[in-house]
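Chemist: Please find query.txt (compact mmCIF, C-alpha atoms) on the next line:
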# COMPACT_ATOMS: atom_id res chain seq x y z
CA MET A 93 0.00 0.00 0.00
CA SER A 94 1.48 3.35 -1.02
CA VAL A 95 1.19 6.82 0.42
CA VAL A 96 -0.98 7.90 -2.51
CA ASP A 97 -3.77 5.53 -1.48
CA SER A 98 -6.79 7.63 -0.67
CA VAL A 99 -9.62 7.19 1.79
CA PRO A 100 -13.14 7.12 0.35
CA ALA A 101 -15.22 10.14 1.23
CA VAL A 102 -18.32 7.98 1.62
CA ALA A 103 -19.42 7.09 5.14
CA ALA A 104 -17.95 3.90 6.54
CA ALA A 105 -18.13 2.10 9.85
CA PRO A 106 -15.96 3.87 12.44
CA VAL A 107 -12.53 2.55 13.31
CA PRO A 108 -12.67 2.44 17.11
CA TYR A 109 -9.65 3.68 19.00
CA ALA A 110 -9.95 0.91 21.58
CA GLY A 111 -10.95 -2.67 20.94
CA SER A 112 -13.73 -4.65 22.52
CA LEU A 113 -12.74 -5.45 26.08
CA LEU A 114 -14.69 -8.70 26.17
CA ASP A 115 -15.35 -10.26 22.80
CA PRO A 116 -17.39 -13.51 22.80
CA GLU A 117 -14.30 -15.68 23.33
CA ALA A 118 -13.08 -13.52 26.21
CA ARG A 119 -16.54 -13.48 27.81
CA ALA A 120 -16.65 -17.25 27.72
CA LEU A 121 -13.21 -17.47 29.35
CA LEU A 122 -14.21 -14.99 32.05
CA LEU A 123 -17.45 -16.79 32.84
CA GLY A 124 -15.52 -20.03 33.02
CA ALA A 125 -13.00 -18.44 35.39
CA VAL A 126 -15.77 -17.14 37.67
CA TYR A 127 -17.40 -20.56 37.78
CA GLU A 128 -14.09 -22.34 38.37
CA VAL A 129 -13.10 -20.12 41.30
CA GLY A 130 -16.62 -19.88 42.71
CA THR A 131 -17.08 -23.65 42.85
CA ASP A 132 -13.58 -24.51 44.02
CA PRO A 133 -13.77 -26.20 47.45
CA GLU A 134 -10.77 -24.14 48.59
CA GLN A 135 -12.82 -20.93 48.25
CA ALA A 136 -9.62 -18.87 47.91
CA THR A 137 -10.60 -15.69 46.07
CA VAL A 138 -7.37 -13.69 46.45
CA LEU A 139 -3.72 -14.80 46.31
CA GLY A 140 -4.52 -18.47 45.88
CA ARG A 141 -2.91 -21.24 43.86
CA ARG A 142 -3.99 -19.71 40.54
CA THR A 143 -2.22 -16.48 41.39
CA ALA A 144 0.88 -18.49 42.33
CA GLU A 145 0.75 -20.25 38.95
CA TRP A 146 0.25 -16.94 37.13
CA GLU A 147 3.33 -15.56 38.91
CA ARG A 148 5.27 -18.64 37.82
CA GLN A 149 4.20 -18.24 34.21
CA VAL A 150 5.12 -14.52 34.13
CA GLY A 151 8.50 -15.47 35.57
CA LEU A 152 9.05 -18.08 32.87
CA ARG A 153 8.17 -15.63 30.11
CA SER A 154 10.25 -12.75 31.50
CA GLY A 155 13.15 -14.58 33.09
CA ALA A 156 12.63 -12.74 36.37
CA GLY A 157 13.71 -14.65 39.46
CA HIS A 158 10.72 -13.52 41.51
CA VAL A 159 7.29 -12.33 40.39
CA ILE A 160 4.82 -10.95 42.93
CA ALA A 161 1.29 -10.30 41.67
CA CYS A 162 -0.54 -7.35 43.18
CA ALA A 163 -3.65 -5.23 42.80
CA SER A 164 -2.66 -2.56 40.25
CA GLY A 165 0.23 -0.89 38.49
CA THR A 166 0.05 2.04 40.92
CA SER A 167 0.19 -0.39 43.81
CA ALA A 168 3.17 -2.13 42.21
CA LEU A 169 5.08 1.16 42.07
CA CYS A 170 4.28 1.88 45.73
CA LEU A 171 5.33 -1.61 46.76
CA ALA A 172 8.58 -1.32 44.80
CA LEU A 173 9.43 2.06 46.29
CA ARG A 174 8.69 0.86 49.81
CA ALA A 175 10.63 -2.38 49.35
CA CYS A 176 13.62 -0.31 48.17
CA ARG A 177 13.31 1.75 51.37
CA ILE A 178 12.54 5.00 49.59
CA GLY A 179 10.95 7.46 51.99
CA PRO A 180 10.97 10.92 53.56
CA GLY A 181 13.99 13.02 52.66
CA ASP A 182 14.71 11.04 49.50
CA GLU A 183 14.51 12.28 45.92
CA VAL A 184 13.46 10.07 43.02
CA ILE A 185 14.12 10.93 39.36
CA VAL A 186 11.02 10.36 37.23
CA PRO A 187 10.23 11.35 33.61
CA ALA A 188 8.41 14.65 33.15
CA PHE A 189 6.13 13.05 30.53
CA GLY A 190 3.99 10.05 31.41
CA ALA A 191 1.30 8.66 33.67
CA GLU A 192 0.50 10.40 36.94
CA PRO A 193 1.47 7.47 39.22
CA LEU A 194 5.12 8.00 38.28
CA ALA A 195 5.02 11.05 40.55
CA SER A 196 2.10 10.34 42.88
CA THR A 197 3.56 7.06 44.18
CA VAL A 198 6.82 8.81 45.07
CA LEU A 199 4.82 11.32 47.10
CA THR A 200 2.78 8.51 48.65
CA VAL A 201 5.91 7.03 50.27
CA GLY A 202 6.98 10.49 51.50
CA ALA A 203 9.75 11.12 48.97
CA VAL A 204 10.01 13.95 46.41
CA PRO A 205 9.72 13.45 42.63
CA VAL A 206 12.40 15.18 40.56
CA PHE A 207 11.32 15.53 36.94
CA ALA A 208 13.79 14.71 34.17
CA ASP A 209 13.08 15.77 30.62
CA VAL A 210 12.33 13.30 27.82
CA HIS A 211 13.53 12.98 24.25
CA PRO A 212 10.82 14.61 22.11
CA ALA A 213 11.07 11.87 19.46
CA THR A 214 10.93 8.80 21.70
CA MET A 215 9.16 10.47 24.66
CA VAL A 216 11.19 8.46 27.19
CA MET A 217 13.57 9.73 29.85
CA ASP A 218 16.60 11.72 28.69
CA VAL A 219 19.37 10.12 30.74
CA ALA A 220 21.71 13.09 30.29
CA ASP A 221 19.05 15.43 31.68
CA ALA A 222 18.41 13.03 34.55
CA ALA A 223 22.11 13.12 35.40
CA ARG A 224 22.02 16.91 35.62
CA ARG A 225 19.24 16.72 38.22
CA LEU A 226 21.04 14.45 40.69
CA THR A 227 21.67 15.76 44.19
CA GLY A 228 23.00 14.28 47.39
CA ARG A 229 19.43 13.23 48.25
CA THR A 230 18.78 11.27 45.06
CA ARG A 231 18.10 7.63 45.92
CA ALA A 232 16.39 6.13 42.89
CA VAL A 233 15.51 6.60 39.24
CA VAL A 234 12.25 5.41 37.66
CA PRO A 235 12.53 5.08 33.86
CA ALA A 236 9.24 4.32 32.12
CA HIS A 237 8.67 2.64 28.78
CA THR A 238 6.19 4.81 26.88
CA PHE A 239 3.83 4.04 23.99
CA THR A 240 6.06 2.04 21.59
CA SER A 241 9.42 3.28 22.94
CA LEU A 242 11.58 1.42 25.42
CA ALA A 243 13.49 3.57 27.86
CA ASP A 244 17.27 3.77 27.49
CA MET A 245 17.87 1.09 30.09
CA ARG A 246 21.57 0.74 29.25
CA GLY A 247 22.06 4.45 29.93
CA VAL A 248 19.89 4.38 33.05
CA ARG A 249 21.78 1.38 34.38
CA GLN A 250 25.14 3.10 33.81
CA LEU A 251 23.94 6.28 35.53
CA ALA A 252 22.56 4.35 38.49
CA ASP A 253 25.63 2.18 38.92
CA ALA A 254 27.92 5.22 38.79
CA HIS A 255 25.98 6.99 41.55
CA GLY A 256 24.74 4.12 43.69
CA LEU A 257 21.08 4.58 42.75
CA THR A 258 18.25 2.07 42.76
CA VAL A 259 16.53 1.48 39.41
CA ILE A 260 12.78 0.88 39.51
CA GLU A 261 11.79 0.01 35.93
CA ASP A 262 8.22 0.95 35.03
CA ALA A 263 7.52 -1.63 32.33
CA ALA A 264 3.76 -1.39 32.83
CA VAL A 265 3.18 -1.20 29.05
CA ALA A 266 6.07 -3.37 27.86
CA GLN A 267 5.25 -6.99 28.57
CA GLU A 268 6.93 -9.30 26.03
CA ALA A 269 9.26 -6.54 24.77
CA THR A 270 13.02 -7.13 24.84
CA LEU A 271 16.08 -4.91 24.80
CA ALA A 272 19.39 -6.49 23.83
CA GLY A 273 17.79 -9.89 24.31
CA ARG A 274 16.69 -9.09 27.85
CA ALA A 275 13.04 -8.74 28.83
CA ALA A 276 11.67 -5.33 29.64
CA GLY A 277 10.94 -5.24 33.35
CA THR A 278 14.12 -7.11 34.28
CA TRP A 279 16.69 -4.36 33.71
CA GLY A 280 16.05 -2.61 37.00
CA ASP A 281 16.70 -3.69 40.55
CA VAL A 282 12.96 -4.10 40.53
CA GLY A 283 10.45 -3.80 37.69
CA LEU A 284 6.73 -4.01 37.15
CA TYR A 285 4.06 -4.98 34.64
CA SER A 286 0.46 -3.79 34.57
CA PHE A 287 -2.45 -5.98 33.47
CA PHE A 288 -4.90 -3.08 33.19
CA PRO A 289 -7.39 -3.87 30.38
CA ALA A 290 -5.72 -1.69 27.72
CA LYS A 291 -2.23 -3.10 28.28
CA PRO A 292 -0.68 -5.76 25.99
CA PHE A 293 -1.30 -8.41 28.68
CA GLY A 294 -4.52 -6.69 29.76
CA MET A 295 -7.40 -8.41 31.52
CA PRO A 296 -10.96 -7.38 32.54
CA GLY A 297 -9.90 -5.74 35.78
CA GLU A 298 -6.98 -4.25 37.67
CA GLY A 299 -3.81 -6.16 38.42
CA ALA A 300 -0.04 -6.00 38.11
CA ALA A 301 3.17 -7.76 39.03
CA VAL A 302 6.46 -6.74 40.62
CA LEU A 303 9.57 -8.41 39.17
CA THR A 304 13.00 -8.75 40.76
CA ASP A 305 15.96 -11.08 41.05
CA ASP A 306 16.59 -9.93 44.63
CA ALA A 307 15.11 -12.47 47.07
CA GLU A 308 15.08 -10.00 49.97
CA LEU A 309 13.25 -7.37 47.92
CA ALA A 310 10.76 -10.02 46.78
CA ASP A 311 10.05 -11.09 50.36
CA THR A 312 9.48 -7.47 51.37
CA VAL A 313 7.03 -6.91 48.49
CA ARG A 314 5.14 -10.07 49.48
CA LEU A 315 5.00 -8.82 53.06
CA LEU A 316 3.78 -5.37 52.11
CA ARG A 317 1.06 -6.55 49.71
CA ARG A 318 -0.69 -8.37 52.63
CA HIS A 319 -0.91 -5.52 55.13
CA GLY A 320 2.63 -6.28 56.30
CA GLN A 321 1.85 -9.89 57.19
CA ALA A 322 4.30 -12.68 56.47
CA GLU A 323 2.43 -15.33 54.52
CA ALA A 324 3.74 -18.18 56.65
CA HIS A 325 3.06 -16.53 60.01
CA GLY A 326 -0.64 -15.73 59.86
CA PRO A 327 -2.10 -12.42 61.12
CA VAL A 328 1.13 -10.97 62.54
CA HIS A 329 1.85 -7.50 61.12
CA HIS A 330 5.56 -6.83 60.76
CA GLN A 331 5.18 -3.55 58.84
CA VAL A 332 2.42 -1.16 57.86
CA GLY A 333 1.54 -2.49 54.43
CA TYR A 334 -1.19 -2.42 51.81
CA ASP A 335 -4.22 -4.42 50.74
CA SER A 336 -2.81 -5.35 47.34
CA GLY A 337 -3.85 -8.91 46.59
CA PHE A 338 -4.36 -10.39 43.13
CA ASP A 339 -7.83 -11.73 42.33
CA GLU A 340 -8.08 -15.46 41.69
CA VAL A 341 -10.72 -14.98 38.98
CA GLN A 342 -8.33 -12.71 37.11
CA ALA A 343 -5.51 -15.21 37.56
CA ALA A 344 -7.69 -18.03 36.19
CA TYR A 345 -8.68 -15.84 33.24
CA GLN A 346 -5.07 -14.93 32.44
CA LEU A 347 -3.96 -18.54 32.63
CA ALA A 348 -6.79 -19.63 30.34
CA ARG A 349 -5.82 -17.19 27.60
CA LEU A 350 -2.06 -17.52 27.95
CA ALA A 351 -1.84 -19.86 24.94
CA THR A 352 -3.11 -17.11 22.62
CA GLN A 353 -1.11 -14.25 24.10
CA ASP A 354 1.77 -14.54 21.65
CA ALA A 355 -0.65 -14.15 18.74
CA ARG A 356 -2.15 -10.98 20.27
CA ILE A 357 1.28 -9.45 20.81
CA ALA A 358 2.30 -10.41 17.26
CA ARG A 359 -0.81 -8.77 15.85
CA ARG A 360 -0.05 -5.55 17.71
CA ALA A 361 3.49 -5.62 16.35
CA GLN A 362 2.24 -6.27 12.82
CA ILE A 363 -0.08 -3.25 12.92
CA SER A 364 2.60 -1.05 14.47
CA THR A 365 5.11 -2.05 11.79
CA TYR A 366 2.60 -1.39 9.01
CA TYR A 367 1.91 2.10 10.33
CA SER A 368 5.61 2.89 10.56
CA GLU A 369 6.26 1.74 7.01
CA ARG A 370 3.35 3.75 5.66
CA PHE A 371 4.38 6.87 7.55
CA ALA A 372 8.11 6.81 6.81
CA PRO A 373 7.78 9.08 3.72
CA LEU A 374 5.81 11.61 5.76
CA ARG A 375 8.72 12.55 8.00
CA GLU A 376 9.72 15.36 5.62
CA ARG A 377 6.16 16.67 5.76
CA GLY A 378 6.14 17.07 9.52
CA LEU A 379 4.96 13.73 10.88
CA GLY A 380 7.07 12.04 13.51
CA ALA A 381 6.34 8.32 13.81
CA PRO A 382 8.01 5.37 15.55
CA ALA A 383 10.61 3.66 13.41
CA PRO A 384 10.16 -0.06 12.71
CA GLY A 385 12.32 -2.31 14.85
CA ASP A 386 12.39 -5.29 17.16
CA GLU A 387 13.33 -3.38 20.31
CA ARG A 388 9.91 -1.87 20.81
CA CYS A 389 6.80 -2.41 22.85
CA HIS A 390 3.40 -2.30 21.20
CA TYR A 391 1.04 -0.66 23.65
CA VAL A 392 0.06 2.68 22.07
CA TYR A 393 1.04 3.89 18.60
CA ALA A 394 1.52 7.66 18.94
CA VAL A 395 2.59 9.97 16.13
CA ARG A 396 3.77 13.56 16.58
CA THR A 397 2.92 16.66 14.60
CA GLY A 398 2.69 20.38 15.23
CA ARG A 399 -0.79 20.14 13.67
CA ARG A 400 -1.95 17.53 16.17
CA ASP A 401 -5.45 18.92 16.76
CA ALA A 402 -6.11 19.42 13.05
CA LEU A 403 -4.96 15.85 12.36
CA ALA A 404 -7.24 14.51 15.09
CA ARG A 405 -10.20 16.42 13.62
CA HIS A 406 -9.40 15.10 10.16
CA LEU A 407 -9.23 11.53 11.41
CA ALA A 408 -12.50 11.96 13.32
CA SER A 409 -14.15 13.14 10.09
CA ARG A 410 -13.00 9.87 8.52
CA GLY A 411 -14.34 7.83 11.41
CA VAL A 412 -10.92 7.02 12.88
CA GLY A 413 -10.65 7.23 16.66
CA THR A 414 -7.65 8.87 18.33
CA ARG A 415 -6.51 9.74 21.83
CA VAL A 416 -4.20 12.26 23.52
CA TYR A 417 -2.80 10.67 26.66
CA TYR A 418 -0.83 13.36 28.47
CA PRO A 419 -1.87 16.89 27.43
CA LEU A 420 0.47 18.41 30.04
CA PRO A 421 3.88 17.39 31.39
CA LEU A 422 3.71 16.01 34.91
CA PRO A 423 5.33 19.05 36.58
CA ARG A 424 2.69 21.28 34.92
CA LEU A 425 -0.20 19.41 36.55
CA PRO A 426 -1.67 21.15 39.62
CA ALA A 427 -1.00 18.11 41.80
CA PHE A 428 2.74 18.17 41.09
CA ALA A 429 3.45 21.82 40.31
CA PRO A 430 4.50 22.48 43.95
CA TYR A 431 7.45 20.12 43.38
CA ALA A 432 8.61 21.81 40.19
CA PRO A 433 11.38 24.41 40.65
CA ALA A 434 10.29 27.93 39.80
CA GLY A 435 11.08 28.79 36.19
CA ALA A 436 12.13 25.23 35.30
CA ARG A 437 11.47 23.99 31.77
CA TRP A 438 11.17 20.57 30.23
CA PRO A 439 11.17 21.34 26.50
CA GLY A 440 11.09 17.71 25.38
CA ALA A 441 8.14 16.88 27.61
CA GLU A 442 6.34 20.08 26.65
CA ARG A 443 6.76 19.27 22.97
CA ALA A 444 5.64 15.67 23.47
CA SER A 445 2.51 16.79 25.32
CA ALA A 446 1.62 19.33 22.64
CA THR A 447 2.24 17.13 19.59
CA HIS A 448 1.37 13.49 20.29
CA VAL A 449 -1.79 11.74 19.18
CA ALA A 450 -2.40 8.00 19.30
CA LEU A 451 -3.92 5.87 16.53
CA PRO A 452 -5.92 2.65 16.88
CA LEU A 453 -3.69 -0.27 17.86
CA HIS A 454 -5.35 -3.41 19.16
CA PRO A 455 -5.65 -7.03 18.03
CA GLY A 456 -9.30 -6.65 17.06
CA LEU A 457 -8.57 -4.33 14.13
CA THR A 458 -9.26 -5.75 10.70
CA GLU A 459 -6.86 -5.29 7.79
CA SER A 460 -9.34 -2.87 6.24
CA GLN A 461 -9.49 -0.78 9.41
CA VAL A 462 -5.71 -0.62 9.69
CA ARG A 463 -5.42 0.51 6.07
CA ARG A 464 -8.15 3.10 6.58
CA SER A 465 -6.42 4.52 9.66
CA ALA A 466 -3.07 4.77 7.92
CA GLY A 467 -4.61 6.08 4.73
CA ALA A 468 -6.46 8.83 6.56
CA VAL A 469 -3.19 10.03 8.10
CA CYS A 470 -1.47 9.98 4.71
CA GLU A 471 -4.36 11.88 3.16
CA PHE A 472 -3.98 14.64 5.76
CA PHE A 473 -0.35 15.19 4.74
CA ASP A 474 -0.91 14.97 0.97
Please go through the file and, once you have read it, give me the structure as structure tokens.
Modeler:
Amino acid sequence: MSVVDSVPAVAAAPVPYAGSLLDPEARALLLGAVYEVGTDPEQATVLGRRTAEWERQVGLRSGAGHVIACASGTSALCLALRACRIGPGDEVIVPAFGAEPLASTVLTVGAVPVFADVHPATMVMDVADAARRLTGRTRAVVPAHTFTSLADMRGVRQLADAHGLTVIEDAAVAQEATLAGRAAGTWGDVGLYSFFPAKPFGMPGEGAAVLTDDAELADTVRLLRRHGQAEAHGPVHHQVGYDSGFDEVQAAYQLARLATQDARIARRAQISTYYSERFAPLRERGLGAPAPGDERCHYVYAVRTGRRDALARHLASRGVGTRVYYPLPLPRLPAFAPYAPAGARWPGAERASATHVALPLHPGLTESQVRRSAGAVCEFFD
């Protein structure tokens, strides 16, 4: 398909931005999971044997030594920060562009988020800018994989090792992605995945996992996710923890669909690659798009243009759904502005916020819908 392909002006069925959360096959699996857990004589609804098996399977797929399932991606970040003993008086480097929990979880444990700029093209943390923001109170750095871009984990690792920092890798969107042959989520001292419905490993509910090769960290996360109770010691609270258990119905559902997960990831990658190939000639016309490549995740396909709003309107007129995820950098949000130094700028993050727009990317898209989405973008730049 070439750039000159046009989109018919006649009305056509919309191309939804997000796919169906529960198609007939998924509904059947979920109903089966509910029945299985509800009729199990053990009557374990949270953190039971299915959760343990789901943790084992995630470990096998990622290569992580320890996987601890928990209630949400936000909870996973809090658990990781607490397990790494981040607290009052500490500073944590986080990207200035991304999801709110990157900063809010740091504040939740009593530490202070320090915002590092991002590369405007990849929209992930600029390691050189992060290095400039280190102080004597810096204890950790939280790189986040964003949209289709993996964070510069080699650079982050070098920075952290040189300054004795803990790396907490937010791989919430990057399940199944690899960098230099190593799974995303396993580059940090501790990492995390999210199973929120829209994620590549998404399910019909909240859930996440903390990953680490450090046995002591893993034990601390397990302790904290159960209100500070050691699993083998019953209701004895050793620390003030959280209620962050993983639901057995969700675990049964994830295990039931594990055999088809590779196909869903492959479909996302196929669509992402098609978009990138179609959009490559548009770079000279002002469209920034992810380059094809193996070292990518396939969560959200976001393009960048100074005419973002006009492009979104054009796509809407063609029935193609879009989404802007982060209209403001984190330090510009009212909740986090008090922690932003007066007069500070994050030009990469500001540009990313003002120019990005995401296109449909989910396994339920038909070939026709993918071509229509790409063709509508190309038509805008013709």
Chemist: Point out the residue among A:Val449, A:Val462, A:Ala213, A:Val412 with the least atom-to-atom distance to Pro108 in chain A, counting only C-alpha atoms.
Modeler: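 Among the listed residues, the smallest separation from Pro108 in chain A belongs to A:Val412.
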Chemist: Calculated over all atoms listed in the file, which of the candidates A:Arg356, A:Lys291, A:Arg225, A:Arg174 has the smallest distance to Ala203 in chain A?
Modeler: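 Comparing A:Arg356, A:Lys291, A:Arg225, A:Arg174 against Ala203 in chain A, the winner is A:Arg174.
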Chemist: Taking all atoms listed in the file into account, name the residue in A:Val248, A:Ala358, A:Ala136, A:Val206 that is nearest to Ala429 in chain A.
Modeler: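 Distance minimum relative to Ala429 in chain A lands on A:Val206.
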Chemist: Restricting the calculation to only C-alpha atoms, which member of A:Ala275, A:Leu315, A:Ala466, A:Ala441 is positioned closest to Gly155 in chain A?
Modeler: A:Ala275
Chemist: Could you check how far CA of Thr166 in chain A sits from CA of Ala394 in chain A, in Å to one decimal?
Modeler: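 The value is 22.7 Å.
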Chemist: Show me, as a PyMOL selection string, the residues that have an atom within 12 Å of range 176-178 of chain A when counting all atoms listed in the file, minus same-chain residues fewer than 3 positions from it.
Modeler: chain A and resi 169-173+181-185+197-205+229-234+257-260+280-283+304+306+308-313+316
Chemist: Can you work out which one of A:Thr240, A:Ala351, A:Val341, A:Ala301 has the shortest atom-to-atom distance to Pro384 in chain A, counting only C-alpha atoms?
Modeler: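 Result for the nearest residue to Pro384 in chain A: A:Thr240.
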Chemist: Tell me which residues come within 12 Å of (-4.8, -4.6, 8.0), as JSON, numbers by chain, counting all atoms listed in the file in the file's coordinates.
Modeler: {"A": [93, 107, 359, 360, 361, 362, 363, 364, 365, 366, 367, 370, 452, 453, 454, 455, 456, 457, 458, 459, 460, 461, 462, 463, 464, 465, 466, 467]}
Chemist: Quick one, how far is CA of Glu369 in chain A from CA of Pro382 in chain A?
Modeler: 9.4 Å
Chemist: Which residue gives the smallest distance to Ser336 in chain A among A:Arg400, A:Arg388, A:Arg224, A:Arg314, with all atoms listed in the file counted?
Modeler: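 Of the candidates, the smallest distance to Ser336 in chain A is held by A:Arg314.
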Chemist: With only C-alpha atoms counted and 10 Å as the cut-off, give the residues of range 329-350 of chain A in contact with range 115-125 of chain A, each with its shortest interatomic distance in Å and the pair that gives it, as a Markdown table.
Modeler:
| residue | atom | partner | partner_atom | distance |
| --- | --- | --- | --- | --- |
| A:Glu340 | CA | A:Ala125 | CA | 8.5 |
| A:Val341 | CA | A:Ala125 | CA | 5.5 |
| A:Gln342 | CA | A:Ala125 | CA | 7.6 |
| A:Ala343 | CA | A:Ala125 | CA | 8.4 |
| A:Ala344 | CA | A:Ala125 | CA | 5.4 |
| A:Tyr345 | CA | A:Ala125 | CA | 5.5 |
| A:Gln346 | CA | A:Leu121 | CA | 9.1 |
| A:Leu347 | CA | A:Ala125 | CA | 9.5 |
| A:Ala348 | CA | A:Leu121 | CA | 6.8 |
| A:Arg349 | CA | A:Leu121 | CA | 7.6 |
Chemist: Do you have the CA of Arg148 in chain A-CA of Ile160 in chain A distance handy?
Modeler: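 One can read the CA of Arg148 in chain A to CA of Ile160 in chain A distance as 9.2 Å.
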